[in-house]
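Pasting final38.cif here (mmCIF, C-alpha atoms and all ligand atoms):
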```
data_entry
loop_
_atom_site.label_atom_id
_atom_site.label_comp_id
_atom_site.auth_asym_id
_atom_site.auth_seq_id
_atom_site.Cartn_x
_atom_site.Cartn_y
_atom_site.Cartn_z
CA MET A 1 125.77 78.77 44.91
CA LYS A 2 123.04 80.29 47.04
CA ASN A 3 120.72 77.42 46.18
CA ARG A 4 123.35 74.82 46.89
CA LEU A 5 124.04 76.38 50.24
CA GLU A 6 120.37 76.40 51.08
CA ASN A 7 120.13 72.71 50.16
CA ILE A 8 123.09 71.87 52.37
CA ARG A 9 121.65 73.77 55.30
CA ASN A 10 118.35 71.97 54.90
CA ALA A 11 120.08 68.61 54.64
CA ILE A 12 122.08 69.32 57.80
CA ARG A 13 118.91 70.29 59.64
CA GLU A 14 117.05 67.21 58.45
CA ALA A 15 119.90 64.87 59.34
CA ALA A 16 120.08 66.38 62.82
CA ILE A 17 116.35 66.19 63.44
CA SER A 18 116.15 62.63 62.09
CA CYS A 19 118.44 61.43 64.86
CA GLY A 20 117.11 63.66 67.63
CA ARG A 21 119.93 66.20 67.64
CA ASN A 22 119.64 69.96 67.81
CA PRO A 23 120.57 71.39 64.37
CA ALA A 24 122.25 74.29 66.17
CA ASP A 25 124.87 71.86 67.49
CA ILE A 26 126.21 71.24 63.98
CA ARG A 27 128.33 73.92 62.35
CA LEU A 28 129.12 74.13 58.67
CA ALA A 29 132.68 74.84 57.58
CA ALA A 30 132.55 75.73 53.88
CA VAL A 31 135.75 74.39 52.33
CA SER A 32 136.97 77.10 49.98
CA LYS A 33 140.37 75.63 49.06
CA ASN A 34 141.20 76.01 45.38
CA PHE A 35 138.49 78.66 44.98
CA PRO A 36 139.43 82.34 44.63
CA ALA A 37 138.21 85.11 46.91
CA ASP A 38 135.66 86.17 44.32
CA ALA A 39 134.02 82.76 44.50
CA VAL A 40 134.04 82.76 48.29
CA ARG A 41 132.51 86.21 48.75
CA PRO A 42 128.99 85.20 47.63
CA ALA A 43 129.04 82.32 50.10
CA ILE A 44 129.93 84.68 52.93
CA GLU A 45 127.23 87.07 51.80
CA SER A 46 124.79 84.17 51.92
CA GLY A 47 125.61 83.57 55.56
CA VAL A 48 128.64 81.24 55.61
CA ASP A 49 130.65 82.16 58.69
CA ILE A 50 133.29 79.42 58.80
CA LEU A 51 135.67 78.81 55.90
CA GLY A 52 138.06 75.87 55.62
CA GLU A 53 141.42 76.19 53.89
CA SER A 54 144.13 73.60 53.21
CA TYR A 55 147.15 75.54 51.97
CA ILE A 56 148.85 78.30 53.93
CA GLN A 57 150.03 80.44 51.02
CA GLU A 58 146.68 80.30 49.25
CA ALA A 59 144.87 81.09 52.50
CA ARG A 60 147.10 84.06 53.33
CA GLU A 61 146.22 85.79 50.09
CA LYS A 62 142.54 84.94 50.24
CA ILE A 63 142.07 85.91 53.87
CA ALA A 64 143.75 89.26 53.21
CA LEU A 65 141.31 89.94 50.36
CA LEU A 66 138.33 89.00 52.52
CA SER A 67 139.51 90.59 55.75
CA SER A 68 136.54 92.96 55.95
CA TYR A 69 134.20 90.04 56.70
CA PRO A 70 133.78 88.87 60.30
CA VAL A 71 134.18 85.19 59.43
CA SER A 72 136.17 82.45 61.09
CA TRP A 73 138.91 80.64 59.16
CA HIS A 74 139.76 77.02 59.91
CA PHE A 75 142.86 75.19 58.73
CA ILE A 76 142.08 71.67 57.51
CA GLY A 77 145.18 70.74 55.49
CA HIS A 78 148.46 69.12 56.38
CA LEU A 79 150.50 71.59 58.40
CA GLN A 80 154.28 71.67 58.40
CA SER A 81 155.93 72.99 61.55
CA ASN A 82 157.73 75.70 59.60
CA LYS A 83 154.33 77.17 58.65
CA ALA A 84 153.01 77.21 62.22
CA LYS A 85 153.83 80.89 62.52
CA TYR A 86 151.39 81.77 59.74
CA ALA A 87 148.77 79.28 60.86
CA VAL A 88 148.40 80.81 64.33
CA LYS A 89 148.02 84.27 62.81
CA LEU A 90 145.36 83.24 60.33
CA PHE A 91 143.20 80.52 61.85
CA ASP A 92 140.74 80.29 64.73
CA LEU A 93 140.82 76.50 64.68
CA ILE A 94 143.49 74.16 63.31
CA HIS A 95 141.92 70.75 62.65
CA THR A 96 145.04 68.80 61.80
CA VAL A 97 147.44 68.50 64.71
CA ASP A 98 148.91 65.00 64.81
CA SER A 99 152.30 65.23 66.51
CA VAL A 100 153.91 66.62 69.65
CA ARG A 101 156.43 68.42 67.51
CA LEU A 102 153.78 70.34 65.59
CA ALA A 103 151.81 71.07 68.77
CA GLU A 104 154.91 72.40 70.47
CA GLU A 105 155.71 74.73 67.60
CA LEU A 106 152.11 75.95 67.41
CA SER A 107 152.14 76.68 71.14
CA ARG A 108 155.43 78.53 70.83
CA GLN A 109 154.16 80.66 67.97
CA ALA A 110 150.82 81.28 69.71
CA ALA A 111 152.69 82.47 72.81
CA ARG A 112 154.57 85.01 70.69
CA ILE A 113 151.29 86.68 69.73
CA SER A 114 149.63 86.13 73.12
CA LYS A 115 147.05 83.77 71.69
CA ILE A 116 145.49 80.58 72.94
CA GLN A 117 145.31 78.55 69.73
CA ARG A 118 142.34 76.23 69.44
CA ILE A 119 143.19 72.91 67.80
CA LEU A 120 141.78 69.50 67.00
CA ILE A 121 143.74 66.27 67.01
CA GLN A 122 143.63 64.54 63.63
CA ILE A 123 143.07 60.79 63.75
CA ASN A 124 144.07 58.42 60.94
CA LEU A 125 141.11 56.06 61.35
CA GLY A 126 142.06 53.66 58.59
CA ASN A 127 145.81 53.74 59.30
CA GLU A 128 146.28 54.86 55.71
CA ASP A 129 149.85 55.67 54.68
CA SER A 130 148.55 58.38 52.37
CA LYS A 131 146.85 60.28 55.18
CA SER A 132 148.05 62.33 58.09
CA GLY A 133 146.83 61.79 61.62
CA ILE A 134 147.73 59.85 64.72
CA SER A 135 146.48 56.28 65.09
CA VAL A 136 143.52 55.52 67.30
CA ASP A 137 145.81 53.59 69.63
CA ASN A 138 148.18 56.51 70.17
CA ALA A 139 145.61 59.30 70.38
CA GLU A 140 145.17 59.39 74.15
CA LYS A 141 148.91 59.50 74.68
CA LEU A 142 149.23 62.40 72.26
CA ALA A 143 146.42 64.26 74.01
CA ARG A 144 148.23 63.85 77.34
CA GLU A 145 151.45 65.15 75.82
CA ILE A 146 149.75 68.14 74.22
CA SER A 147 147.95 69.05 77.44
CA ARG A 148 151.13 70.62 78.80
CA PHE A 149 151.29 73.29 76.09
CA GLU A 150 149.83 76.37 77.70
CA HIS A 151 149.05 78.22 74.51
CA LEU A 152 146.98 75.44 72.98
CA SER A 153 143.41 74.47 73.72
CA VAL A 154 142.40 71.06 72.38
CA ARG A 155 138.73 71.19 71.41
CA GLY A 156 138.18 67.70 69.97
CA LEU A 157 139.00 65.30 67.15
CA MET A 158 139.03 65.42 63.38
CA SER A 159 139.32 62.71 60.75
CA ILE A 160 139.18 62.02 57.04
CA PRO A 161 138.12 58.36 57.02
CA PRO A 162 138.96 55.92 54.22
CA PHE A 163 137.08 56.96 51.10
CA SER A 164 133.99 55.17 49.86
CA ASP A 165 131.21 56.12 47.46
CA GLU A 166 128.84 54.46 49.88
CA PRO A 167 128.37 56.56 53.04
CA GLU A 168 127.15 53.55 55.03
CA GLN A 169 130.61 52.02 54.57
CA ILE A 170 132.07 55.03 56.34
CA ARG A 171 129.66 54.97 59.27
CA PRO A 172 131.75 52.59 61.42
CA HIS A 173 134.70 54.98 61.13
CA PHE A 174 132.59 57.95 62.23
CA LYS A 175 131.26 55.88 65.11
CA LEU A 176 134.79 54.97 66.16
CA LEU A 177 135.85 58.62 66.15
CA GLY A 178 132.93 59.46 68.43
CA GLU A 179 133.84 56.63 70.80
CA LEU A 180 137.46 57.75 70.88
CA ARG A 181 136.35 61.29 71.66
CA ASP A 182 134.21 60.02 74.55
CA LYS A 183 137.06 57.87 75.85
CA ILE A 184 139.55 60.73 75.87
CA LYS A 185 136.96 63.05 77.38
CA ALA A 186 136.41 60.58 80.20
CA CYS A 187 140.13 60.81 81.06
CA ALA A 188 139.50 64.44 82.12
CA ILE A 189 142.97 65.54 81.05
CA PRO A 190 143.63 69.17 82.03
CA ASN A 191 143.32 71.58 79.11
CA ILE A 192 141.84 68.91 76.84
CA PHE A 193 138.24 69.64 75.91
CA MET A 194 136.58 67.02 73.78
CA ASP A 195 133.47 68.73 72.53
CA GLU A 196 134.12 68.91 68.79
CA LEU A 197 133.96 66.13 66.23
CA SER A 198 135.07 67.41 62.83
CA MET A 199 133.90 64.79 60.35
CA GLY A 200 131.76 64.53 57.23
CA MET A 201 132.33 65.98 53.75
CA SER A 202 130.08 66.52 50.71
CA GLY A 203 129.38 62.84 50.15
CA ASP A 204 128.88 61.62 53.69
CA PHE A 205 127.95 64.48 56.02
CA ARG A 206 124.48 63.11 56.75
CA VAL A 207 125.91 59.91 58.18
CA ALA A 208 128.59 61.89 60.03
CA ILE A 209 125.88 63.98 61.69
CA GLU A 210 124.00 60.85 62.72
CA GLU A 211 127.22 59.70 64.38
CA GLY A 212 127.76 62.93 66.27
CA ALA A 213 129.63 65.39 64.02
CA THR A 214 129.69 68.94 65.38
CA LEU A 215 131.62 70.39 62.43
CA VAL A 216 131.06 69.23 58.87
CA ARG A 217 133.56 70.28 56.21
CA ILE A 218 131.81 70.72 52.89
CA GLY A 219 133.43 71.97 49.70
CA THR A 220 132.21 70.49 46.44
CA ALA A 221 128.53 70.50 47.37
CA ILE A 222 128.73 74.26 47.93
CA PHE A 223 131.30 75.59 45.49
CA GLY A 224 131.22 72.90 42.80
CA GLU A 225 134.05 70.71 41.54
CA ARG A 226 137.53 71.98 42.25
CA ALA A 227 139.79 72.50 39.25
CA TYR A 228 142.11 69.93 40.71
CA LYS A 229 141.20 67.38 43.37
CA THR A 230 143.01 67.19 46.66
C1 LIG A 301 138.77 69.20 50.57
C2 LIG A 301 138.41 68.78 51.93
C3 LIG A 301 137.08 68.71 52.35
C4 LIG A 301 135.90 69.02 51.44
O1 LIG A 301 135.65 67.92 50.62
P1 LIG A 301 134.38 67.92 49.64
O2 LIG A 301 134.26 66.50 49.25
O3 LIG A 301 134.69 68.83 48.51
O4 LIG A 301 133.20 68.38 50.42
C5 LIG A 301 136.84 68.36 53.67
N1 LIG A 301 137.83 68.09 54.53
C6 LIG A 301 139.12 68.14 54.15
C7 LIG A 301 140.17 67.83 55.15
C8 LIG A 301 139.45 68.46 52.85
O5 LIG A 301 140.75 68.50 52.50
#
```
Will you turn the file into structure tokens for me?
Amino acid sequence: MKNRLENIRNAIREAAISCGRNPADIRLAAVSKNFPADAVRPAIESGVDILGESYIQEAREKIALLSSYPVSWHFIGHLQSNKAKYAVKLFDLIHTVDSVRLAEELSRQAARISKIQRILIQINLGNEDSKSGISVDNAEKLAREISRFEHLSVRGLMSIPPFSDEPEQIRPHFKLLGELRDKIKACAIPNIFMDELSMGMSGDFRVAIEEGATLVRIGTAIFGERAYKT
């Protein structure tokens, strides 16, 4: 695990330098979904400070077991409105907001605990039925609607592009997400900050970094194969 992590960190640094970016501008979220607390602890002790989780119930238990560590937990799974209450308690950044309804509930729950919840808007780049996210065409409108929720702070965009074994096939999707981020940023909507681009997983993070990723979400390449794939 320690070796794998070292390799990932080196690969992130090399990808950044190869395209003239500062490696410090790319943060690693280690995706620990499906792995128990005991498997996550060594990663934290090797310096991982952001963990990504996809399921609320699983995350609640794991975060409780690892509460002594000063790490940041990010939610990267599909979030149902009825779980918003837990999500705002547990997570520093929620990557997967794709509707006004969910945003409204998150803001309401964040207000109850006097929190400003940081979120990303999830974009469905390939318009895939199987994936969550708002379409590229409707993203700006959603950002404008979310901007009125006082207990949310929109930090940027996230996407899981259509899968391919060949990272170069995914590059145009990453590029499009970056362009969309720039376009929404240029609108200067109050309360909408567009600094983060959450994109890139184990198989394609190098290309994502070349296209501007600020947060890469890497699971398998750090923890190994999950017992079941999600
Ligand atoms: C599981 C997951 C990842 C990590 O994928 P790997 O291929 O294991 O690196 C990244 N992002 C999201 C949204 C995920 O659900």
Legend entry - Close residues, range 13-19 of chain A itself excluded, 10 Å, only C-alpha atoms, min 5 positions apart in chain, as a ChimeraX atom specification: /A:7-8,24-26,205-213
Legend entry - 10 Å shell around ligand LIG 301 (chain A) using only C-alpha atoms and all ligand atoms, listed as number ranges by chain: A: 29-34, 52-55, 75-78, 95-96, 122, 158-161, 198-205, 216-226, 229-230
Inset, instruction - Kindly indicate which residue among A:Glu61, A:Leu152, A:Ser135, A:Ala143 lies nearest to Glu104 in chain A, using all atoms listed in the file for the distances. - result: A:Leu152
Residues near range 40-43 of chain A, cut-off 8 Å, all atoms listed in the file, skip fewer than 5 positions along chain, as an mmCIF file with C-alpha atoms, keeping the file's coordinate frame:
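Saved the output as out.cif:
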```
data_model
loop_
_atom_site.group_PDB
_atom_site.id
_atom_site.type_symbol
_atom_site.label_atom_id
_atom_site.label_comp_id
_atom_site.auth_asym_id
_atom_site.auth_seq_id
_atom_site.Cartn_x
_atom_site.Cartn_y
_atom_site.Cartn_z
ATOM 1 C CA MET A 1 125.770 78.770 44.910
ATOM 2 C CA LYS A 2 123.040 80.290 47.040
ATOM 3 C CA LEU A 5 124.040 76.380 50.240
ATOM 4 C CA SER A 32 136.970 77.100 49.980
ATOM 5 C CA PHE A 35 138.490 78.660 44.980
ATOM 6 C CA VAL A 48 128.640 81.240 55.610
ATOM 7 C CA LEU A 66 138.330 89.000 52.520
#
```
Inset, instruction - Quote the spacing between CA of Leu142 in chain A and CA of Val100 in chain A in Å to one decimal place. - result: 6.8 Å
Legend entry - Which of A:Glu145, A:Glu168, A:Asp38, A:Asp137 sits closest to Asn124 in chain A [using only C-alpha atoms]: A:Asp137
Inset, instruction - Go through A:Asp182, A:Ala188, A:Ile44, A:Ser147 and flag the residue nearest Ser67 in chain A, using all atoms listed in the file for the distances. - result: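 Of A:Asp182, A:Ala188, A:Ile44, A:Ser147, the one nearest Ser67 in chain A, counting all atoms listed in the file, is A:Ile44.
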Legend entry - Residue contacts of range 115-120 of chain A (8 Å, only C-alpha atoms) excluding same-chain residues fewer than 2 positions away, as a list of chain:residue names: A:Val88, A:Asp92, A:Leu93, A:Ile94, A:His95, A:Thr96, A:Val97, A:Leu106, A:Ser107, A:Ala110, A:Ala111, A:Arg112, A:Ile113, A:Gln122, A:Glu150, A:His151, A:Leu152, A:Ser153, A:Val154, A:Arg155, A:Gly156, A:Leu157, A:Met158, A:Glu196
Inset, instruction - Go through A:Ser99, A:Gln109, A:Gln57, A:Asn138 one by one, measure the shortest atom-to-atom distance of each to Ile184 in chain A using all atoms listed in the file, and give the residue with the smallest value. - result: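 Selected residue with least distance to Ile184 in chain A: A:Asn138.
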Inset, instruction - Check the smallest atom-to-atom distance from each of A:Leu177, A:Lys141, A:Ala87, A:Ser114 to Gly126 in chain A using all atoms listed in the file, then report the winner. - result: A:Leu177
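One finds CA of Arg9 in chain A at 9.7 Å from CA of Arg27 in chain A.
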Legend entry - For Trp73 in chain A, the nearest of the candidates A:Ala59, A:Leu215, A:Ile189, A:Ile50, counting all atoms listed in the file: A:Ile50
Inset, instruction - Would you work out the distance separating CA of Ile121 in chain A from CA of Ala37 in chain A, expressed in Å to one decimal? - result: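 Separation between CA of Ile121 in chain A and CA of Ala37 in chain A: 28.1 Å.
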Complete the atoms of range 50-73 of chain A to N, CA, C and O atoms and put them out as a PDB file, in the frame of the given file.
```
ATOM      1  N   ILE A  50     132.052  80.166  58.590  1.00  0.00           N
ATOM      2  CA  ILE A  50     133.290  79.420  58.800  1.00  0.00           C
ATOM      3  C   ILE A  50     133.788  78.935  57.445  1.00  0.00           C
ATOM      4  O   ILE A  50     133.034  78.323  56.682  1.00  0.00           O
ATOM      5  N   LEU A  51     135.063  79.238  57.164  1.00  0.00           N
ATOM      6  CA  LEU A  51     135.670  78.810  55.900  1.00  0.00           C
ATOM      7  C   LEU A  51     136.833  77.881  56.211  1.00  0.00           C
ATOM      8  O   LEU A  51     137.624  78.157  57.125  1.00  0.00           O
ATOM      9  N   GLY A  52     136.955  76.811  55.428  1.00  0.00           N
ATOM     10  CA  GLY A  52     138.060  75.870  55.620  1.00  0.00           C
ATOM     11  C   GLY A  52     139.073  75.991  54.500  1.00  0.00           C
ATOM     12  O   GLY A  52     138.703  76.012  53.324  1.00  0.00           O
ATOM     13  N   GLU A  53     140.343  76.080  54.873  1.00  0.00           N
ATOM     14  CA  GLU A  53     141.420  76.190  53.890  1.00  0.00           C
ATOM     15  C   GLU A  53     142.484  75.125  54.161  1.00  0.00           C
ATOM     16  O   GLU A  53     142.722  74.763  55.314  1.00  0.00           O
ATOM     17  N   SER A  54     143.164  74.697  53.088  1.00  0.00           N
ATOM     18  CA  SER A  54     144.130  73.600  53.210  1.00  0.00           C
ATOM     19  C   SER A  54     145.573  73.994  52.949  1.00  0.00           C
ATOM     20  O   SER A  54     146.472  73.201  53.221  1.00  0.00           O
ATOM     21  N   TYR A  55     145.789  75.152  52.347  1.00  0.00           N
ATOM     22  CA  TYR A  55     147.150  75.540  51.970  1.00  0.00           C
ATOM     23  C   TYR A  55     147.442  76.938  52.522  1.00  0.00           C
ATOM     24  O   TYR A  55     146.668  77.880  52.296  1.00  0.00           O
ATOM     25  N   ILE A  56     148.559  77.054  53.242  1.00  0.00           N
ATOM     26  CA  ILE A  56     148.850  78.300  53.930  1.00  0.00           C
ATOM     27  C   ILE A  56     148.983  79.476  52.962  1.00  0.00           C
ATOM     28  O   ILE A  56     148.374  80.535  53.159  1.00  0.00           O
ATOM     29  N   GLN A  57     149.782  79.308  51.917  1.00  0.00           N
ATOM     30  CA  GLN A  57     150.030  80.440  51.020  1.00  0.00           C
ATOM     31  C   GLN A  57     148.738  80.917  50.362  1.00  0.00           C
ATOM     32  O   GLN A  57     148.439  82.111  50.328  1.00  0.00           O
ATOM     33  N   GLU A  58     147.965  79.952  49.872  1.00  0.00           N
ATOM     34  CA  GLU A  58     146.680  80.300  49.250  1.00  0.00           C
ATOM     35  C   GLU A  58     145.772  81.013  50.264  1.00  0.00           C
ATOM     36  O   GLU A  58     145.138  82.032  49.945  1.00  0.00           O
ATOM     37  N   ALA A  59     145.746  80.516  51.477  1.00  0.00           N
ATOM     38  CA  ALA A  59     144.870  81.090  52.500  1.00  0.00           C
ATOM     39  C   ALA A  59     145.304  82.509  52.878  1.00  0.00           C
ATOM     40  O   ALA A  59     144.467  83.386  53.079  1.00  0.00           O
ATOM     41  N   ARG A  60     146.606  82.721  52.957  1.00  0.00           N
ATOM     42  CA  ARG A  60     147.100  84.060  53.330  1.00  0.00           C
ATOM     43  C   ARG A  60     146.570  85.119  52.369  1.00  0.00           C
ATOM     44  O   ARG A  60     146.090  86.175  52.774  1.00  0.00           O
ATOM     45  N   GLU A  61     146.668  84.811  51.098  1.00  0.00           N
ATOM     46  CA  GLU A  61     146.220  85.790  50.090  1.00  0.00           C
ATOM     47  C   GLU A  61     144.707  85.981  50.156  1.00  0.00           C
ATOM     48  O   GLU A  61     144.201  87.100  50.118  1.00  0.00           O
ATOM     49  N   LYS A  62     144.001  84.869  50.264  1.00  0.00           N
ATOM     50  CA  LYS A  62     142.540  84.940  50.240  1.00  0.00           C
ATOM     51  C   LYS A  62     141.991  85.652  51.481  1.00  0.00           C
ATOM     52  O   LYS A  62     141.097  86.496  51.393  1.00  0.00           O
ATOM     53  N   ILE A  63     142.558  85.317  52.625  1.00  0.00           N
ATOM     54  CA  ILE A  63     142.070  85.910  53.870  1.00  0.00           C
ATOM     55  C   ILE A  63     142.334  87.423  53.867  1.00  0.00           C
ATOM     56  O   ILE A  63     141.503  88.213  54.329  1.00  0.00           O
ATOM     57  N   ALA A  64     143.455  87.825  53.296  1.00  0.00           N
ATOM     58  CA  ALA A  64     143.750  89.260  53.210  1.00  0.00           C
ATOM     59  C   ALA A  64     142.693  89.961  52.350  1.00  0.00           C
ATOM     60  O   ALA A  64     142.204  91.043  52.694  1.00  0.00           O
ATOM     61  N   LEU A  65     142.306  89.319  51.248  1.00  0.00           N
ATOM     62  CA  LEU A  65     141.310  89.940  50.360  1.00  0.00           C
ATOM     63  C   LEU A  65     139.921  89.992  50.985  1.00  0.00           C
ATOM     64  O   LEU A  65     139.105  90.829  50.619  1.00  0.00           O
ATOM     65  N   LEU A  66     139.670  89.086  51.926  1.00  0.00           N
ATOM     66  CA  LEU A  66     138.330  89.000  52.520  1.00  0.00           C
ATOM     67  C   LEU A  66     138.318  89.466  53.982  1.00  0.00           C
ATOM     68  O   LEU A  66     137.396  89.163  54.737  1.00  0.00           O
ATOM     69  N   SER A  67     139.326  90.251  54.334  1.00  0.00           N
ATOM     70  CA  SER A  67     139.510  90.590  55.750  1.00  0.00           C
ATOM     71  C   SER A  67     138.410  91.483  56.313  1.00  0.00           C
ATOM     72  O   SER A  67     138.280  91.621  57.527  1.00  0.00           O
ATOM     73  N   SER A  68     137.602  92.082  55.433  1.00  0.00           N
ATOM     74  CA  SER A  68     136.540  92.960  55.950  1.00  0.00           C
ATOM     75  C   SER A  68     135.352  92.156  56.491  1.00  0.00           C
ATOM     76  O   SER A  68     134.482  92.718  57.144  1.00  0.00           O
ATOM     77  N   TYR A  69     135.337  90.847  56.236  1.00  0.00           N
ATOM     78  CA  TYR A  69     134.200  90.040  56.700  1.00  0.00           C
ATOM     79  C   TYR A  69     134.514  89.398  58.058  1.00  0.00           C
ATOM     80  O   TYR A  69     135.597  88.852  58.257  1.00  0.00           O
ATOM     81  N   PRO A  70     133.548  89.444  58.974  1.00  0.00           N
ATOM     82  CA  PRO A  70     133.780  88.870  60.300  1.00  0.00           C
ATOM     83  C   PRO A  70     133.572  87.352  60.319  1.00  0.00           C
ATOM     84  O   PRO A  70     132.719  86.834  61.032  1.00  0.00           O
ATOM     85  N   VAL A  71     134.342  86.642  59.507  1.00  0.00           N
ATOM     86  CA  VAL A  71     134.180  85.190  59.430  1.00  0.00           C
ATOM     87  C   VAL A  71     135.357  84.503  60.135  1.00  0.00           C
ATOM     88  O   VAL A  71     136.381  85.108  60.409  1.00  0.00           O
ATOM     89  N   SER A  72     135.159  83.242  60.399  1.00  0.00           N
ATOM     90  CA  SER A  72     136.170  82.450  61.090  1.00  0.00           C
ATOM     91  C   SER A  72     136.841  81.526  60.065  1.00  0.00           C
ATOM     92  O   SER A  72     136.162  80.876  59.271  1.00  0.00           O
ATOM     93  N   TRP A  73     138.162  81.501  60.094  1.00  0.00           N
ATOM     94  CA  TRP A  73     138.910  80.640  59.160  1.00  0.00           C
ATOM     95  C   TRP A  73     139.471  79.441  59.901  1.00  0.00           C
ATOM     96  O   TRP A  73     140.081  79.586  60.960  1.00  0.00           O
TER      97      TRP A  73
END
```
